[in-house]
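J.: Dropping in input.txt, which is compact mmCIF, C-alpha atoms and all ligand atoms:
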# COMPACT_ATOMS: atom_id res chain seq x y z
CA MET A 1 2.70 -27.07 19.53
CA LYS A 2 1.37 -25.13 22.50
CA ALA A 3 -1.46 -23.50 20.65
CA ARG A 4 -3.47 -22.00 23.49
CA GLN A 5 -0.81 -19.53 24.51
CA ASN A 6 -0.84 -17.88 21.08
CA THR A 7 -3.41 -15.21 20.36
CA CYS A 8 -4.82 -13.54 17.28
CA ILE A 9 -6.25 -10.02 17.36
CA VAL A 10 -8.47 -9.44 14.35
CA GLY A 11 -10.90 -6.71 13.32
CA LEU A 12 -14.46 -7.91 12.81
CA THR A 13 -15.77 -5.05 10.68
CA TRP A 14 -14.24 -2.55 8.22
CA GLY A 15 -11.07 -1.74 10.18
CA ASP A 16 -10.33 1.03 12.68
CA GLU A 17 -11.65 -1.06 15.59
CA ALA A 18 -8.83 0.14 17.88
CA LYS A 19 -6.92 -3.12 17.53
CA GLY A 20 -3.65 -1.29 18.27
CA LYS A 21 -4.70 -0.65 21.86
CA ILE A 22 -5.68 -4.29 22.38
CA VAL A 23 -2.43 -5.60 20.87
CA ASP A 24 -0.40 -3.22 23.06
CA LEU A 25 -2.39 -4.38 26.08
CA LEU A 26 -1.83 -8.09 25.45
CA ALA A 27 1.73 -7.81 24.11
CA PRO A 28 3.41 -8.22 27.55
CA GLU A 29 1.82 -11.69 27.84
CA HIS A 30 3.60 -12.68 24.60
CA ASP A 31 7.19 -12.93 23.35
CA VAL A 32 6.54 -12.07 19.72
CA VAL A 33 4.01 -9.82 17.97
CA VAL A 34 3.63 -10.46 14.25
CA ARG A 35 1.74 -8.44 11.63
CA TYR A 36 0.45 -10.72 8.88
CA ASN A 37 -1.34 -8.56 6.30
CA GLY A 38 -1.76 -5.12 4.78
CA GLY A 39 0.78 -2.32 4.78
CA ASN A 40 0.93 1.31 5.77
CA ASN A 41 -2.74 1.69 4.87
CA ALA A 42 -3.29 0.60 8.48
CA GLY A 43 -3.39 3.08 11.33
CA HIS A 44 -2.96 1.58 14.78
CA THR A 45 -3.02 3.91 17.78
CA VAL A 46 -1.44 3.24 21.16
CA VAL A 47 -1.87 5.66 24.09
CA PHE A 48 0.02 5.63 27.39
CA GLY A 49 1.63 8.13 29.73
CA GLY A 50 -0.44 10.93 28.21
CA GLU A 51 1.12 10.42 24.75
CA THR A 52 -0.45 9.11 21.56
CA TYR A 53 1.60 6.95 19.16
CA LYS A 54 0.37 6.25 15.64
CA LEU A 55 1.63 3.12 13.92
CA HIS A 56 1.20 1.95 10.36
CA LEU A 57 3.62 -0.90 9.73
CA VAL A 58 5.54 -1.75 12.88
CA PRO A 59 3.61 -4.26 15.03
CA SER A 60 1.85 -2.64 18.00
CA GLY A 61 4.01 -4.59 20.48
CA LEU A 62 6.97 -2.26 19.87
CA PHE A 63 6.69 -0.37 23.16
CA HIS A 64 7.42 -3.49 25.23
CA GLU A 65 11.16 -4.09 25.42
CA GLY A 66 10.91 -7.84 25.83
CA VAL A 67 8.81 -8.29 22.71
CA THR A 68 10.18 -9.18 19.27
CA CYS A 69 8.21 -7.50 16.48
CA VAL A 70 7.85 -9.33 13.18
CA ILE A 71 6.55 -8.02 9.88
CA GLY A 72 5.37 -11.20 8.16
CA GLY A 73 5.58 -12.16 4.52
CA GLY A 74 1.91 -11.32 3.94
CA VAL A 75 2.58 -7.62 4.56
CA VAL A 76 3.51 -5.17 1.80
CA VAL A 77 6.31 -2.88 2.97
CA ASP A 78 6.84 0.71 1.88
CA PRO A 79 10.54 0.97 2.80
CA LYS A 80 10.50 4.72 3.28
CA ALA A 81 7.36 4.62 5.43
CA LEU A 82 8.87 1.85 7.56
CA LEU A 83 12.13 3.72 8.14
CA ASP A 84 10.25 6.93 9.00
CA GLU A 85 8.16 5.01 11.50
CA ILE A 86 11.17 3.33 13.11
CA ALA A 87 12.94 6.69 13.44
CA ARG A 88 9.84 8.34 14.93
CA HIS A 89 9.29 5.71 17.61
CA GLU A 90 12.71 4.37 18.51
CA PRO A 91 13.36 6.97 21.25
CA ILE A 92 10.49 5.36 23.20
CA ALA A 93 10.55 1.85 21.72
CA LYS A 94 13.96 0.97 23.13
CA GLY A 95 16.18 -1.27 21.00
CA LEU A 96 13.55 -1.41 18.26
CA ARG A 97 16.01 -2.05 15.41
CA ARG A 98 17.32 -5.08 17.31
CA ARG A 99 13.82 -6.37 18.03
CA LEU A 100 12.27 -5.83 14.61
CA LEU A 101 12.41 -8.52 11.93
CA VAL A 102 11.07 -7.96 8.41
CA SER A 103 10.26 -11.00 6.33
CA SER A 104 12.49 -11.51 3.31
CA ARG A 105 9.30 -12.77 1.63
CA ALA A 106 7.33 -9.54 2.19
CA HIS A 107 6.65 -7.63 -1.00
CA THR A 108 7.56 -3.99 -1.35
CA ILE A 109 5.82 -0.78 -2.41
CA TRP A 110 7.55 1.54 -4.88
CA PRO A 111 6.69 4.98 -6.30
CA TRP A 112 5.04 3.43 -9.37
CA HIS A 113 2.47 1.70 -7.17
CA ALA A 114 1.15 4.88 -5.54
CA LYS A 115 1.27 6.74 -8.86
CA LEU A 116 -0.69 4.04 -10.64
CA GLU A 117 -3.26 3.87 -7.85
CA ALA A 118 -3.84 7.63 -7.86
CA LEU A 119 -4.38 7.59 -11.63
CA SER A 120 -6.68 4.58 -11.44
CA GLU A 121 -8.85 6.06 -8.66
CA LYS A 122 -9.03 9.37 -10.53
CA HIS A 123 -10.14 7.65 -13.72
CA LEU A 124 -12.76 5.61 -11.88
CA GLY A 125 -14.36 8.84 -10.64
CA LYS A 126 -17.60 7.99 -8.81
CA GLY A 127 -16.89 4.28 -9.19
CA LYS A 128 -13.65 4.53 -7.19
CA ILE A 129 -12.87 2.22 -4.28
CA GLY A 130 -11.81 5.08 -2.02
CA THR A 131 -8.44 3.55 -1.16
CA THR A 132 -5.83 5.05 1.15
CA LEU A 133 -3.63 5.80 -1.93
CA ARG A 134 -0.63 4.10 -0.35
CA GLY A 135 -0.04 1.83 -3.36
CA ILE A 136 -1.31 -1.23 -1.51
CA GLY A 137 -3.54 -2.67 -4.25
CA PRO A 138 -0.99 -2.29 -7.09
CA ALA A 139 1.75 -3.84 -4.90
CA TYR A 140 -0.39 -6.91 -4.15
CA ALA A 141 -1.39 -7.05 -7.84
CA ASP A 142 2.30 -7.18 -8.81
CA LYS A 143 2.85 -9.88 -6.18
CA ALA A 144 0.13 -12.01 -7.78
CA ASN A 145 1.39 -11.18 -11.27
CA ARG A 146 5.02 -11.98 -10.31
CA VAL A 147 6.90 -10.37 -13.21
CA HIS A 148 7.27 -6.87 -11.69
CA ALA A 149 7.33 -7.75 -8.00
CA ILE A 150 10.15 -7.07 -5.56
CA ARG A 151 10.48 -8.81 -2.21
CA MET A 152 12.34 -7.46 0.82
CA GLY A 153 15.00 -10.16 0.47
CA GLU A 154 16.09 -8.63 -2.85
CA PHE A 155 17.46 -5.62 -0.99
CA LEU A 156 20.21 -7.99 0.16
CA ARG A 157 21.34 -8.26 -3.48
CA PRO A 158 21.59 -4.61 -4.57
CA ASP A 159 23.40 -5.28 -7.88
CA HIS A 160 20.61 -7.54 -9.01
CA LEU A 161 17.95 -5.15 -7.72
CA ARG A 162 19.33 -2.09 -9.49
CA VAL A 163 19.01 -3.82 -12.85
CA LYS A 164 15.56 -5.17 -11.96
CA VAL A 165 14.31 -1.71 -10.97
CA GLU A 166 15.45 -0.34 -14.34
CA ARG A 167 13.57 -3.10 -16.15
CA ILE A 168 10.40 -2.58 -14.10
CA VAL A 169 10.43 1.20 -14.47
CA GLU A 170 10.78 0.82 -18.22
CA ALA A 171 7.67 -1.37 -18.31
CA LYS A 172 5.67 0.83 -15.91
CA ASN A 173 6.58 3.94 -17.89
CA LEU A 174 4.94 2.43 -20.98
CA ALA A 175 1.66 2.43 -19.07
CA PHE A 176 2.17 5.89 -17.56
CA GLN A 177 3.01 7.47 -20.91
CA LYS A 178 0.90 5.50 -23.39
CA VAL A 179 -2.20 4.78 -21.33
CA PHE A 180 -2.39 7.77 -19.00
CA GLY A 181 -0.40 10.39 -20.95
CA GLU A 182 1.69 11.00 -17.83
CA ALA A 183 5.36 11.86 -17.31
CA PRO A 184 7.67 8.82 -16.95
CA LEU A 185 9.49 7.88 -13.75
CA ASP A 186 13.28 8.19 -13.65
CA ALA A 187 14.68 4.76 -12.78
CA ARG A 188 18.04 6.16 -11.69
CA ALA A 189 16.47 8.65 -9.31
CA VAL A 190 14.24 5.95 -7.85
CA TRP A 191 17.19 3.61 -7.33
CA ALA A 192 19.37 6.38 -5.86
CA GLU A 193 16.72 6.86 -3.17
CA TYR A 194 15.73 3.24 -2.57
CA GLU A 195 19.23 1.79 -2.45
CA GLY A 196 19.72 3.76 0.75
CA TYR A 197 16.46 2.47 2.23
CA GLY A 198 17.55 -1.07 1.36
CA THR A 199 20.89 -0.62 3.10
CA ALA A 200 19.19 0.75 6.22
CA LEU A 201 16.64 -2.07 6.36
CA ALA A 202 18.95 -4.96 5.38
CA PRO A 203 20.01 -5.82 8.99
CA MET A 204 16.34 -6.36 9.87
CA VAL A 205 15.50 -8.58 6.89
CA ALA A 206 15.20 -12.24 7.87
CA ASP A 207 13.55 -15.54 7.11
CA THR A 208 10.79 -14.83 9.59
CA THR A 209 8.96 -18.08 8.81
CA ALA A 210 11.98 -20.01 10.09
CA TYR A 211 12.26 -17.62 13.06
CA LEU A 212 8.59 -18.11 13.99
CA HIS A 213 8.83 -21.89 13.67
CA ARG A 214 11.81 -21.85 16.04
CA ALA A 215 9.92 -19.57 18.41
CA LEU A 216 6.97 -22.00 18.42
CA ALA A 217 9.26 -24.96 19.08
CA GLN A 218 10.81 -23.08 22.01
CA GLY A 219 7.36 -22.51 23.48
CA LYS A 220 7.42 -18.76 22.91
CA ARG A 221 4.07 -17.03 22.93
CA ILE A 222 3.05 -15.38 19.68
CA LEU A 223 0.48 -12.63 19.16
CA PHE A 224 -0.82 -12.28 15.60
CA GLU A 225 -1.87 -8.73 14.73
CA GLY A 226 -4.41 -8.31 11.95
CA ALA A 227 -4.70 -5.04 10.05
CA GLN A 228 -7.96 -3.65 8.61
CA GLY A 229 -10.89 -5.95 9.35
CA THR A 230 -12.73 -9.08 8.25
CA LEU A 231 -15.26 -7.17 6.11
CA LEU A 232 -12.30 -5.69 4.17
CA ASP A 233 -10.78 -9.15 3.54
CA ILE A 234 -10.03 -9.67 -0.16
CA ASP A 235 -11.84 -13.03 -0.24
CA HIS A 236 -14.45 -12.82 2.49
CA GLY A 237 -15.17 -9.09 2.74
CA THR A 238 -17.57 -6.80 0.92
CA TYR A 239 -15.79 -7.17 -2.42
CA PRO A 240 -14.88 -5.08 -4.41
CA TYR A 241 -14.91 -2.48 -1.60
CA VAL A 242 -12.19 -4.27 0.32
CA THR A 243 -8.46 -4.08 0.75
CA SER A 244 -6.10 -6.33 -1.23
CA SER A 245 -4.98 -8.67 1.55
CA SER A 246 -6.37 -11.37 3.84
CA ALA A 247 -7.53 -9.16 6.69
CA SER A 248 -9.37 -11.89 8.59
CA ALA A 249 -7.62 -14.54 10.70
CA ALA A 250 -7.46 -16.56 7.47
CA GLY A 251 -4.45 -14.39 6.58
CA ILE A 252 -2.26 -15.78 9.37
CA TRP A 253 -1.19 -18.96 7.61
CA PRO A 254 -0.13 -17.40 4.27
CA GLY A 255 1.00 -14.19 5.96
CA THR A 256 3.37 -15.76 8.52
CA GLY A 257 3.91 -19.40 7.59
CA ILE A 258 2.39 -20.46 10.92
CA PRO A 259 -0.27 -23.15 10.44
CA GLY A 260 -3.79 -22.31 11.57
CA ARG A 261 -3.79 -25.08 14.18
CA ALA A 262 -1.05 -23.25 16.11
CA VAL A 263 -2.95 -20.00 16.37
CA GLY A 264 -4.74 -20.59 19.66
CA GLU A 265 -7.13 -17.96 20.97
CA ILE A 266 -8.85 -15.72 18.43
CA LEU A 267 -10.06 -12.44 19.83
CA GLY A 268 -12.18 -10.25 17.53
CA VAL A 269 -12.28 -6.50 18.02
CA VAL A 270 -15.35 -4.33 17.40
CA LYS A 271 -16.18 -0.79 18.26
CA ALA A 272 -19.36 -0.27 20.26
CA TYR A 273 -20.74 1.21 17.01
CA THR A 274 -19.64 0.71 13.41
CA THR A 275 -17.50 2.85 11.10
CA ARG A 276 -16.29 2.59 7.55
CA VAL A 277 -13.94 4.73 5.43
CA GLY A 278 -13.96 4.78 1.68
CA GLU A 279 -16.77 3.62 -0.56
CA GLY A 280 -19.01 0.57 -0.33
CA PRO A 281 -22.31 -0.54 1.22
CA PHE A 282 -22.85 0.10 4.95
CA PRO A 283 -26.38 -0.92 6.00
CA THR A 284 -26.37 0.64 9.49
CA GLU A 285 -24.86 3.97 8.42
CA LEU A 286 -26.35 7.06 10.09
CA LYS A 287 -26.35 9.95 7.64
CA ASP A 288 -27.93 12.30 10.16
CA ALA A 289 -27.07 14.39 13.23
CA LEU A 290 -26.68 11.25 15.34
CA GLY A 291 -24.01 9.95 12.94
CA ASP A 292 -22.27 13.34 13.22
CA GLN A 293 -22.49 13.17 17.02
CA ILE A 294 -20.85 9.72 17.08
CA ARG A 295 -18.12 10.97 14.69
CA GLU A 296 -17.33 13.93 16.94
CA GLN A 297 -17.55 12.04 20.25
CA GLY A 298 -15.42 9.22 18.84
CA HIS A 299 -12.97 11.47 16.93
CA GLU A 300 -13.71 9.36 13.91
CA TYR A 301 -11.19 10.72 11.44
CA GLY A 302 -8.72 8.41 9.70
CA THR A 303 -5.35 7.79 11.40
CA THR A 304 -3.72 7.31 8.00
CA THR A 305 -5.58 9.69 5.69
CA GLY A 306 -7.48 12.03 8.05
CA ARG A 307 -10.72 11.28 6.16
CA PRO A 308 -13.96 11.57 8.18
CA ARG A 309 -15.24 8.07 8.87
CA ARG A 310 -18.82 7.07 8.10
CA CYS A 311 -20.56 6.13 11.38
CA GLY A 312 -23.52 3.90 12.21
CA TRP A 313 -25.08 1.47 14.68
CA LEU A 314 -23.32 -1.68 15.76
CA ASP A 315 -24.04 -4.32 13.13
CA THR A 316 -24.22 -7.63 14.97
CA PHE A 317 -25.56 -9.39 11.86
CA ALA A 318 -22.32 -8.62 10.00
CA ILE A 319 -20.26 -9.34 13.12
CA ARG A 320 -21.89 -12.76 13.53
CA TYR A 321 -20.71 -13.55 10.00
CA SER A 322 -17.18 -12.38 10.87
CA ALA A 323 -17.26 -14.34 14.13
CA ARG A 324 -17.96 -17.56 12.24
CA LEU A 325 -15.30 -16.87 9.61
CA ASN A 326 -12.65 -16.28 12.25
CA ASP A 327 -13.73 -19.12 14.56
CA LEU A 328 -13.92 -16.53 17.31
CA ASP A 329 -13.21 -17.30 20.96
CA GLY A 330 -14.01 -13.89 22.38
CA ILE A 331 -14.78 -10.26 21.65
CA ALA A 332 -13.10 -7.01 22.64
CA ILE A 333 -15.49 -4.04 22.54
CA THR A 334 -13.75 -0.71 22.18
CA LEU A 335 -14.91 2.91 22.47
CA LEU A 336 -17.90 2.01 24.64
CA ASP A 337 -17.45 5.41 26.33
CA VAL A 338 -18.34 7.14 23.03
CA LEU A 339 -21.95 5.96 23.36
CA SER A 340 -22.43 7.87 26.65
CA GLY A 341 -24.90 10.70 26.23
CA LEU A 342 -26.43 9.59 22.92
CA PRO A 343 -30.16 10.38 22.91
CA ASP A 344 -30.95 7.07 21.22
CA LEU A 345 -29.26 3.67 21.11
CA LYS A 346 -29.79 0.84 18.65
CA ILE A 347 -28.08 -2.30 17.39
CA CYS A 348 -28.69 -4.14 14.14
CA THR A 349 -29.64 -7.79 14.52
CA GLY A 350 -30.51 -8.68 10.93
CA TYR A 351 -31.16 -7.41 7.40
CA THR A 352 -34.19 -7.39 5.17
CA VAL A 353 -34.28 -7.03 1.40
CA ASP A 354 -37.63 -6.10 -0.16
CA GLY A 355 -39.22 -6.73 3.23
CA ARG A 356 -37.86 -10.29 3.48
CA PRO A 357 -35.35 -11.20 6.20
CA LEU A 358 -31.97 -12.49 5.05
CA GLU A 359 -30.60 -15.68 6.55
CA GLU A 360 -26.98 -15.00 5.67
CA PHE A 361 -24.74 -11.95 5.31
CA PRO A 362 -24.92 -11.19 1.56
CA ASP A 363 -22.16 -12.37 -0.77
CA ASP A 364 -23.34 -9.93 -3.46
CA PRO A 365 -22.56 -6.20 -3.04
CA ALA A 366 -25.74 -5.30 -4.96
CA VAL A 367 -27.80 -7.15 -2.34
CA LEU A 368 -25.85 -5.59 0.54
CA GLU A 369 -26.50 -2.18 -1.03
CA ARG A 370 -30.26 -2.80 -0.82
CA ALA A 371 -30.23 -4.40 2.64
CA LYS A 372 -32.19 -2.59 5.36
CA PRO A 373 -31.07 -3.12 8.94
CA VAL A 374 -33.42 -4.67 11.49
CA LEU A 375 -32.80 -2.41 14.48
CA GLU A 376 -33.37 -3.18 18.13
CA THR A 377 -33.70 -0.25 20.53
CA LEU A 378 -31.71 -0.41 23.75
CA GLN A 379 -31.68 1.91 26.72
CA PRO A 380 -29.08 4.67 26.36
CA TRP A 381 -27.00 5.93 29.29
CA SER A 382 -25.70 9.38 30.07
CA GLU A 383 -22.98 8.67 32.65
CA ASN A 384 -19.30 9.19 31.80
CA ILE A 385 -17.90 5.65 31.94
CA SER A 386 -14.26 6.39 31.13
CA GLY A 387 -13.24 5.71 34.75
CA ALA A 388 -14.81 2.23 34.88
CA ARG A 389 -12.31 -0.57 35.58
CA GLN A 390 -14.69 -3.41 36.37
CA LEU A 391 -17.96 -4.48 34.85
CA LYS A 392 -19.81 -3.44 37.98
CA ASP A 393 -18.57 0.15 37.55
CA LEU A 394 -20.67 0.45 34.39
CA PRO A 395 -24.24 1.75 34.50
CA ARG A 396 -26.90 -0.93 34.12
CA ALA A 397 -27.79 0.15 30.57
CA ALA A 398 -24.15 -0.21 29.46
CA ARG A 399 -23.90 -3.67 31.03
CA ARG A 400 -27.09 -4.61 29.23
CA TYR A 401 -25.58 -3.37 25.97
CA VAL A 402 -22.53 -5.60 26.44
CA LYS A 403 -24.75 -8.56 27.28
CA ARG A 404 -26.84 -7.99 24.16
CA VAL A 405 -23.70 -7.99 22.00
CA GLU A 406 -22.71 -11.36 23.48
CA GLU A 407 -26.17 -12.77 22.84
CA THR A 408 -26.46 -11.54 19.27
CA VAL A 409 -22.91 -12.37 18.18
CA GLY A 410 -22.70 -15.61 20.13
CA ALA A 411 -19.30 -15.09 21.76
CA PRO A 412 -18.21 -13.81 25.19
CA VAL A 413 -16.99 -10.24 25.64
CA ARG A 414 -13.53 -10.54 27.20
CA ILE A 415 -12.31 -6.94 27.02
CA ILE A 416 -14.17 -3.63 27.22
CA SER A 417 -12.32 -0.44 26.40
CA VAL A 418 -13.70 2.78 27.87
CA GLY A 419 -11.02 5.22 26.71
CA PRO A 420 -7.84 5.35 24.64
CA ASP A 421 -5.36 4.85 27.49
CA ARG A 422 -4.03 1.39 28.39
CA ALA A 423 -5.51 1.82 31.86
CA GLN A 424 -9.02 2.54 30.59
CA THR A 425 -9.87 -1.11 30.17
CA ILE A 426 -12.10 -3.73 31.76
CA ILE A 427 -10.70 -7.24 31.42
CA ARG A 428 -12.92 -10.28 32.02
CA ARG A 429 -11.09 -13.56 32.27
P1 LIG B 501 -6.50 0.18 0.37
O1 LIG B 501 -6.24 -0.80 1.45
O2 LIG B 501 -5.70 1.45 0.51
O3 LIG B 501 -6.39 -0.43 -1.00
O4 LIG B 501 -8.04 0.66 0.49
C1 LIG B 501 -9.12 -0.24 0.23
C2 LIG B 501 -10.27 0.00 1.21
O5 LIG B 501 -9.86 -0.39 2.51
C3 LIG B 501 -10.70 1.48 1.34
O6 LIG B 501 -12.09 1.52 1.59
C4 LIG B 501 -9.92 1.95 2.55
O7 LIG B 501 -10.55 3.04 3.18
C5 LIG B 501 -10.01 0.70 3.42
N1 LIG B 501 -8.90 0.60 4.37
C6 LIG B 501 -7.63 0.27 4.13
N2 LIG B 501 -6.91 0.26 5.26
C7 LIG B 501 -7.76 0.57 6.24
C8 LIG B 501 -7.63 0.67 7.65
O8 LIG B 501 -6.57 0.44 8.24
N3 LIG B 501 -8.75 1.02 8.32
C9 LIG B 501 -9.93 1.22 7.71
N4 LIG B 501 -10.11 1.11 6.42
C10 LIG B 501 -9.03 0.78 5.68
Output the file's structure in the form of structure tokens.
Ligand code: IMP
T.:
Amino acid sequence: MKARQNTCIVGLTWGDEAKGKIVDLLAPEHDVVVRYNGGNNAGHTVVFGGETYKLHLVPSGLFHEGVTCVIGGGVVVDPKALLDEIARHEPIAKGLRRRLLVSSRAHTIWPWHAKLEALSEKHLGKGKIGTTLRGIGPAYADKANRVHAIRMGEFLRPDHLRVKVERIVEAKNLAFQKVFGEAPLDARAVWAEYEGYGTALAPMVADTTAYLHRALAQGKRILFEGAQGTLLDIDHGTYPYVTSSSASAAGIWPGTGIPGRAVGEILGVVKAYTTRVGEGPFPTELKDALGDQIREQGHEYGTTTGRPRRCGWLDTFAIRYSARLNDLDGIAITLLDVLSGLPDLKICTGYTVDGRPLEEFPDDPAVLERAKPVLETLQPWSENISGARQLKDLPRAARRYVKRVEETVGAPVRIISVGPDRAQTIIRR
């Protein structure tokens, strides 16, 4: 296996690190881009030629004609959302239907998943998780539970699937009616709609594990695209305020069938500050005017839900934890330009609880809730840096900021993004 030519792009915090831009940037150096986790809860943005493209399910390599895009078995696919996305982007993403493969092993999202999630979040009230309401959690729950799960490959056997959908809807309706006092779903109406989606997607459904193994054997270069971020990982994130999939690089193996040893370079993406959407502890959160200023300067509103994102200082204590988990080779810092003009600039280098410093990132959400950040003050800068293309174009204070991130996280910064466009990037080899 030629591991070093394969790359993983993974978020190091709570998602929204601008991974889409980095994947788009590195895609031309690869033959295949594969998504390994999550679903259309993700929002990946790619900007070029003055246009902005928002992606949720299709891998962010789609705009490069020579690249094959794979949706791996670890992803949960909302068939309607996927078809909408293909239709929206195929005028620019030439030949997309030919270049897109969807794993027959990927599980699917149906109307009962979103309905159940909305009811569950409503009933939880203040204790809600603050999900994207795309049905992601219930779809992964059905996957783990097996009896009511549907995989993409089943669309290739519509007679079997029609009967299965009827059986599942019958069971789900018991819960909707008896537990929640809600109206039942109509199995026939659901099937009438989804049969068409299945027919449209069937030519793209494939054994992507076999495809990827062949690609590896042929020496093709593979880029693994993570969705969400390490702190939202179901096993290693800030549980229970996480997503339902393996959002760290640990998700590659189960999510694609490619063994970890073949992954190669692991590049972790962080914003120059930290954001989080939904509920859950966030030690460096700024609930003041400075937090509002970062939100406005960074346009920090959700790509998927439009929700305002919570903003705070860069948390290098949490990132150091993520770096270790992912066996990081390098860092990409995005949105560095957003920090220009802030009156104050800090990074978090550790946490204390009851005045005592913590040695490790907490495994207990109750401890994380009480953690106070240890903040280090750095020199702010006022210059507009969006035109910088080399490290030396940055003001001294910005270079110092980048250096401090390397020192505190313990990994080299390989890419610095100073604006949304492909061109607004500093690459350090
Ligand atoms: P779910 O993935 O919709 O179940 O939501 C679970 C948690 O993950 C919530 O806090 C969401 O806001 C968060 N989340 C899910 N997807 C993303 C993402 O792509 N970016 C940032 N946060 C996300």
J.: Can you work out the spacing between CA of Phe224 in chain A and CA of Leu267 in chain A in Å, to one decimal?
T.: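 Pair CA of Phe224 in chain A / CA of Leu267 in chain A returns 10.2 Å.
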J.: Just give me the gap between CA of Ala42 in chain A and CA of Arg307 in chain A in Å, one decimal is fine.
T.: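 Answer for the CA of Ala42 in chain A to CA of Arg307 in chain A separation: 13.2 Å.
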J.: Write out as an mmCIF file with C-alpha atoms, in the coordinates of the input each polymer residue whose atoms come within 12 Å of Trp191 in chain A, counting all atoms listed in the file; drop sequence neighbours fewer than 4 positions from it.
T.:
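Output contents, as saved in around_0.cif:
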data_model
loop_
_atom_site.group_PDB
_atom_site.id
_atom_site.type_symbol
_atom_site.label_atom_id
_atom_site.label_comp_id
_atom_site.auth_asym_id
_atom_site.auth_seq_id
_atom_site.Cartn_x
_atom_site.Cartn_y
_atom_site.Cartn_z
ATOM 1 C CA TRP A 110 7.550 1.540 -4.880
ATOM 2 C CA PRO A 111 6.690 4.980 -6.300
ATOM 3 C CA PHE A 155 17.460 -5.620 -0.990
ATOM 4 C CA PRO A 158 21.590 -4.610 -4.570
ATOM 5 C CA ASP A 159 23.400 -5.280 -7.880
ATOM 6 C CA HIS A 160 20.610 -7.540 -9.010
ATOM 7 C CA LEU A 161 17.950 -5.150 -7.720
ATOM 8 C CA ARG A 162 19.330 -2.090 -9.490
ATOM 9 C CA VAL A 163 19.010 -3.820 -12.850
ATOM 10 C CA LYS A 164 15.560 -5.170 -11.960
ATOM 11 C CA VAL A 165 14.310 -1.710 -10.970
ATOM 12 C CA GLU A 166 15.450 -0.340 -14.340
ATOM 13 C CA ARG A 167 13.570 -3.100 -16.150
ATOM 14 C CA ILE A 168 10.400 -2.580 -14.100
ATOM 15 C CA VAL A 169 10.430 1.200 -14.470
ATOM 16 C CA LEU A 185 9.490 7.880 -13.750
ATOM 17 C CA ASP A 186 13.280 8.190 -13.650
ATOM 18 C CA ALA A 187 14.680 4.760 -12.780
ATOM 19 C CA GLU A 195 19.230 1.790 -2.450
ATOM 20 C CA GLY A 196 19.720 3.760 0.750
ATOM 21 C CA TYR A 197 16.460 2.470 2.230
ATOM 22 C CA GLY A 198 17.550 -1.070 1.360
ATOM 23 C CA THR A 199 20.890 -0.620 3.100
#
J.: Counting all atoms listed in the file, what are the residues, protein, DNA or RNA alike, that approach ligand LIG 501 (chain B) to within 6 Å? I want them as a list in words.
T.: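 Sorted by chain and then by number, the residues are Trp14, Gly15, Asp16, Asn41, Ala42, Gly43, Ile129, Gly130, Thr131, Thr132, Leu133, Arg134, Ile136, Gly137, Gln228, Tyr241, Val242, Thr243, Ser244, Val277, Gly278 and Glu279 of chain A.
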J.: If you count all atoms listed in the file, which residues fall within 12 Å of Ser120 in chain A, apart from same-chain ones fewer than 4 positions away, as a PyMOL selection string?
T.: chain A and resi 112-116+124-131+133+135+137-138+175-176+179-180
J.: Could you jot down the CA of Pro254 in chain A to CA of Pro362 in chain A separation for me, Å, one decimal place?
T.: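 Calculated distance between CA of Pro254 in chain A and CA of Pro362 in chain A is 25.7 Å.
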J.: Just checking: using all atoms listed in the file, which residue out of A:Leu336, A:Val67, A:Leu328, A:Ile92 ends up closest to Gly410 in chain A?
T.: A:Leu328
J.: Would you mind listing what lies within 10 Å of Asp207 in chain A as a PyMOL selection string, with only C-alpha atoms counted and same-chain residues fewer than 5 positions away left out?
T.: chain A and resi 72-73+101-106+153+212
J.: Those same residues, written as a tab-separated table (two decimals), in the coordinates of the input with C-alpha atoms?
T.:
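The new file again_0.tsv reads:
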chain	number	residue	atom	x	y	z
A	72	GLY	CA	5.37	-11.20	8.16
A	73	GLY	CA	5.58	-12.16	4.52
A	101	LEU	CA	12.41	-8.52	11.93
A	102	VAL	CA	11.07	-7.96	8.41
A	103	SER	CA	10.26	-11.00	6.33
A	104	SER	CA	12.49	-11.51	3.31
A	105	ARG	CA	9.30	-12.77	1.63
A	106	ALA	CA	7.33	-9.54	2.19
A	153	GLY	CA	15.00	-10.16	0.47
A	212	LEU	CA	8.59	-18.11	13.99
J.: Neighbourhood query: residues within 12 Å of (-16.1, -7.7, -7.4), file coordinates, counting only C-alpha atoms; return as a list in words.
T.: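 Residues lying no farther than 12 Å from the given point: Ile129, Ile234, Asp235, His236, Gly237, Thr238, Tyr239, Pro240, Tyr241, Val242, Thr243, Ser244, Gly280, Asp363, Asp364, Pro365 and Ala366 of chain A.
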J.: Measuring between only C-alpha atoms, which one of A:Gly181, A:Gly268, A:Pro380, A:Pro91 shows the shortest distance to Val23 in chain A?
T.: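 Using only C-alpha atoms, Val23 in chain A sits closest to A:Gly268.
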J.: Skipping near chain neighbours, those fewer than 4 positions away, what residues fall within 7 Å of Ala272 in chain A using all atoms listed in the file, listed as a ChimeraX atom specification?
T.: /A:314,333-336
J.: Find the residues around Ala397 in chain A up to 6 Å (only C-alpha atoms counted), leave out those fewer than 2 positions away in its own chain, and share them as a PyMOL selection string.
T.: chain A and resi 379+381+395+399-400
J.: Have a look at A:Asn40, A:Thr352, A:Asn6, A:Gln293 and name the one nearest to Thr305 in chain A; count all atoms listed in the file.
T.: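 Of A:Asn40, A:Thr352, A:Asn6, A:Gln293, the one nearest Thr305 in chain A is A:Asn40, counting all atoms listed in the file.
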